[in-house]
file work-v2.cif (mmCIF, C-alpha atoms)
data_start
#
loop_
_atom_site.label_atom_id
_atom_site.label_comp_id
_atom_site.auth_asym_id
_atom_site.auth_seq_id
_atom_site.Cartn_x
_atom_site.Cartn_y
_atom_site.Cartn_z
CA MET A 1 18.95 -14.72 19.15
CA TRP A 2 19.39 -11.05 19.98
CA PHE A 3 22.67 -9.23 19.38
CA ARG A 4 22.90 -6.11 21.53
CA ASP A 5 26.03 -4.70 19.95
CA LYS A 6 25.49 -5.24 16.22
CA TYR A 7 24.23 -3.05 13.41
CA GLN A 8 20.97 -3.28 11.46
CA PHE A 9 20.18 -1.89 8.01
CA ASP A 10 16.46 -1.36 8.54
CA ILE A 11 13.70 -1.52 5.97
CA LEU A 12 10.88 0.12 7.92
CA LYS A 13 8.65 3.07 8.60
CA HIS A 14 9.19 4.13 12.19
CA PRO A 15 6.82 6.74 13.67
CA ARG A 16 8.78 8.02 16.73
CA PRO A 17 11.42 9.07 16.11
CA VAL A 18 10.60 9.38 12.42
CA ALA A 19 12.81 7.08 10.37
CA TYR A 20 12.36 5.42 6.99
CA SER A 21 13.98 2.54 5.13
CA GLY A 22 17.74 2.84 4.95
CA THR A 23 18.12 3.78 8.61
CA LEU A 24 21.12 2.40 10.54
CA TYR A 25 20.06 1.01 13.91
CA CYS A 26 22.17 -0.28 16.80
CA PRO A 27 20.47 -1.79 19.87
CA GLY A 28 21.15 0.33 22.93
CA LYS A 29 22.00 3.37 20.79
CA LEU A 30 18.88 3.50 18.60
CA PHE A 31 19.45 5.13 15.21
CA LEU A 32 23.05 5.97 14.32
CA ALA A 33 21.93 7.39 10.97
CA THR A 34 18.33 8.24 10.17
CA ASN A 35 16.91 8.34 6.68
CA LEU A 36 14.21 11.02 6.63
CA VAL A 37 13.32 10.58 2.95
CA GLU A 38 10.16 8.52 2.72
CA GLY A 39 9.68 6.33 -0.32
CA LEU A 40 13.23 5.30 -1.19
CA GLU A 41 12.25 1.68 -0.86
CA ARG A 42 10.37 -0.06 -3.63
CA ARG A 43 7.31 -1.60 -1.97
CA ASP A 44 6.40 -3.98 -4.81
CA ASP A 45 9.78 -4.61 -6.40
CA TRP A 46 13.36 -5.54 -5.54
CA ASN A 47 15.38 -3.27 -3.28
CA GLU A 48 19.15 -3.03 -3.33
CA GLY A 49 20.99 -2.32 -0.11
CA ARG A 50 24.72 -1.72 -0.08
CA ILE A 51 26.91 -1.47 3.02
CA LEU A 52 30.56 -0.46 3.14
CA ALA A 53 32.10 -1.07 6.56
CA GLU A 54 35.70 0.07 6.72
CA GLY A 55 37.22 0.44 10.18
CA ASP A 56 34.84 2.57 12.24
CA ARG A 57 33.19 4.09 9.15
CA LEU A 58 29.83 2.72 8.00
CA GLN A 59 28.30 3.83 4.71
CA MET A 60 24.95 2.62 3.38
CA TRP A 61 22.98 3.02 0.17
CA LEU A 62 19.38 2.09 -0.58
CA ASN A 63 18.52 1.75 -4.26
CA GLY A 64 21.56 3.79 -5.26
CA ILE A 65 20.94 6.68 -2.83
CA GLN A 66 23.41 7.14 0.03
CA VAL A 67 21.45 7.08 3.29
CA ALA A 68 24.23 6.86 5.89
CA ASP A 69 27.83 7.84 6.44
CA VAL A 70 28.78 7.57 10.10
CA ARG A 71 31.61 6.58 12.37
CA ASP A 72 30.97 4.22 15.28
CA THR A 73 33.10 1.76 17.25
CA THR A 74 30.36 -0.44 18.71
CA SER A 75 31.34 -3.52 16.71
CA ALA A 76 34.21 -4.35 14.40
CA SER A 77 33.08 -7.86 13.49
CA GLY A 78 30.09 -10.13 13.59
CA ARG A 79 27.62 -12.24 11.71
CA ILE A 80 25.30 -11.29 8.90
CA GLY A 81 21.63 -12.00 9.51
CA ILE A 82 18.31 -11.46 7.81
CA GLN A 83 15.19 -11.08 9.94
CA VAL A 84 11.55 -10.16 10.03
CA HIS A 85 10.38 -9.11 13.48
CA GLY A 86 7.76 -11.33 15.07
CA GLY A 87 4.30 -10.18 16.06
CA ASP A 88 0.89 -9.52 14.59
CA GLY A 89 2.03 -6.36 12.81
CA PHE A 90 4.35 -8.40 10.59
CA LYS A 91 2.11 -11.32 9.65
CA GLY A 92 2.37 -12.18 5.99
CA MET A 93 5.64 -10.27 5.57
CA GLU A 94 8.35 -12.17 3.77
CA ILE A 95 11.91 -11.65 2.65
CA ARG A 96 13.15 -12.87 -0.70
CA LEU A 97 16.81 -12.62 -1.59
CA ARG A 98 18.03 -12.51 -5.12
CA ARG A 99 21.73 -12.09 -4.44
CA ILE A 100 24.08 -11.44 -1.54
CA GLU A 101 27.69 -10.52 -2.20
CA LEU A 102 30.42 -10.22 0.40
CA ARG A 103 33.75 -8.78 -0.60
CA PRO A 104 36.73 -8.14 1.66
CA ILE A 105 38.22 -4.69 1.65
CA ARG A 106 41.84 -4.72 0.61
CA PRO A 107 44.21 -3.42 3.29
CA ALA A 108 45.93 -0.13 2.54
CA PRO A 109 49.45 -0.55 1.06
#
call {"tool": "encode", "arguments": {"input": "work-v2.cif", "output": "structure tokens"}}
result
Amino acid sequence: MWFRDKYQFDILKHPRPVAYSGTLYCPGKLFLATNLVEGLERRDDWNEGRILAEGDRLQMWLNGIQVADVRDTTSASGRIGIQVHGGDGFKGMEIRLRRIELRPIRPAP
């Protein structure tokens, strides 16, 4: 299933435009925030991604380094999904999850 108006926290190495893991992607808009620092992801170890979505503000961290802080109104709600793209270039790739935490943000007093 393809969601055209949802956000993706990408773990990737994209050649054009240049973008590395920790990039915020939105179909139809491409990259809303581009991480240009190669090597933040741990290729043979666990990676920790953190997302704070509060109103129209989206903040992301990869392994403790902030990689995005943007405002966008494309989507205010949705599902959480984990994916590996299909195709020959991704054969043998797997995703292992150690822990996922979801916490609601308390409304302002």
call {"tool": "residues_around", "arguments": {"input": "work-v2.cif", "residues": "A:Arg99", "least_positions_apart": "3", "cutoff": "12 Å", "atoms": "only C-alpha atoms", "output": "CSV table (one decimal) with C-alpha atoms, in the coordinates of the input"}}
result
chain,number,residue,atom,x,y,z
A,46,TRP,CA,13.4,-5.5,-5.5
A,47,ASN,CA,15.4,-3.3,-3.3
A,48,GLU,CA,19.2,-3.0,-3.3
A,49,GLY,CA,21.0,-2.3,-0.1
A,50,ARG,CA,24.7,-1.7,-0.1
A,96,ARG,CA,13.2,-12.9,-0.7
A,102,LEU,CA,30.4,-10.2,0.4
call {"tool": "resolve_selection", "arguments": {"input": "work-v2.cif", "expression": "the PyMOL selection byres ((chain A and resi 20-28) around 9)", "output": "PyMOL selection string"}}
result
chain A and resi 3-15+18-19+29-41+49+60-62+66-68+74
call {"tool": "atom_distance", "arguments": {"input": "work-v2.cif", "atom1": "atom CA of A:Asp72", "atom2": "atom CA of A:Ile105"}}
result
17.8 Å
call {"tool": "atom_distance", "arguments": {"input": "work-v2.cif", "atom1": "atom CA of A:Arg43", "atom2": "atom CA of A:Gly92"}}
result
14.1 Å
call {"tool": "residues_around", "arguments": {"input": "work-v2.cif", "residues": "A:Gln59", "least_positions_apart": "2", "cutoff": "6 Å", "atoms": "all atoms listed in the file", "output": "ChimeraX atom specification"}}
result
/A:51-52,68-69
call {"tool": "closest_residue", "arguments": {"input": "work-v2.cif", "among": "A:Arg106, A:Val70, A:Met93, A:Gly78", "to": "A:Asp56", "atoms": "all atoms listed in the file"}}
result
A:Val70
call {"tool": "axis_aligned_box", "arguments": {"input": "work-v2.cif", "around": "stretch 33-36 of chain A", "padding_each_side": "6 Å", "output": "lines of an AutoDock Vina configuration file"}}
result
center_x = 18.1
center_y = 9.2
center_z = 8.8
size_x = 19.7
size_y = 15.6
size_z = 16.3
call {"tool": "closest_residue", "arguments": {"input": "work-v2.cif", "among": "A:Gly64, A:Thr73, A:Gly55, A:Gln83", "to": "A:Leu97", "atoms": "all atoms listed in the file"}}
result
A:Gln83
call {"tool": "atom_distance", "arguments": {"input": "work-v2.cif", "atom1": "atom CA of A:Asn63", "atom2": "atom CA of A:Arg42"}}
result
8.4 Å
call {"tool": "closest_residue", "arguments": {"input": "work-v2.cif", "among": "A:Gly89, A:Arg98, A:Ala53, A:Pro17", "to": "A:Ala76", "atoms": "all atoms listed in the file"}}
result
A:Ala53
call {"tool": "decode", "arguments": {"input": "work-v2.cif", "residues": "stretch 16-32 of chain A", "atoms": "N, CA and C atoms", "output": "compact mmCIF listing (two decimals), in the first residue's frame"}}
result
# COMPACT_ATOMS: atom_id res chain seq x y z
N ARG A 16 21.07 11.27 -6.10
CA ARG A 16 20.61 12.54 -6.70
C ARG A 16 19.18 12.83 -6.32
N PRO A 17 18.87 13.82 -5.58
CA PRO A 17 19.82 14.67 -4.88
C PRO A 17 20.50 13.89 -3.75
N VAL A 18 21.68 14.33 -3.38
CA VAL A 18 22.44 13.66 -2.33
C VAL A 18 21.67 13.75 -1.02
N ALA A 19 21.48 12.59 -0.40
CA ALA A 19 20.80 12.52 0.89
C ALA A 19 21.24 11.24 1.58
N TYR A 20 21.46 11.33 2.89
CA TYR A 20 21.91 10.18 3.66
C TYR A 20 20.88 9.85 4.74
N SER A 21 21.13 8.76 5.44
CA SER A 21 20.21 8.29 6.47
C SER A 21 19.86 9.41 7.45
N GLY A 22 18.56 9.46 7.78
CA GLY A 22 18.06 10.51 8.64
C GLY A 22 17.34 11.58 7.85
N THR A 23 17.14 11.35 6.57
CA THR A 23 16.44 12.30 5.71
C THR A 23 14.93 12.12 5.87
N LEU A 24 14.21 13.22 5.85
CA LEU A 24 12.74 13.21 5.95
C LEU A 24 12.16 13.35 4.56
N TYR A 25 11.44 12.32 4.13
CA TYR A 25 10.88 12.25 2.78
C TYR A 25 9.36 12.30 2.85
N CYS A 26 8.75 12.95 1.86
CA CYS A 26 7.30 12.98 1.73
C CYS A 26 6.97 12.81 0.25
N PRO A 27 6.27 11.72 -0.12
CA PRO A 27 5.94 11.52 -1.53
C PRO A 27 5.25 12.75 -2.12
N GLY A 28 5.65 13.11 -3.31
CA GLY A 28 5.11 14.28 -3.98
C GLY A 28 5.87 15.55 -3.66
N LYS A 29 6.60 15.57 -2.55
CA LYS A 29 7.39 16.74 -2.16
C LYS A 29 8.88 16.45 -2.12
N LEU A 30 9.23 15.17 -2.21
CA LEU A 30 10.60 14.68 -2.08
C LEU A 30 11.11 14.90 -0.66
N PHE A 31 12.31 15.46 -0.51
CA PHE A 31 12.92 15.57 0.80
C PHE A 31 12.53 16.89 1.46
N LEU A 32 11.90 16.78 2.63
CA LEU A 32 11.55 17.98 3.40
C LEU A 32 12.73 18.44 4.25
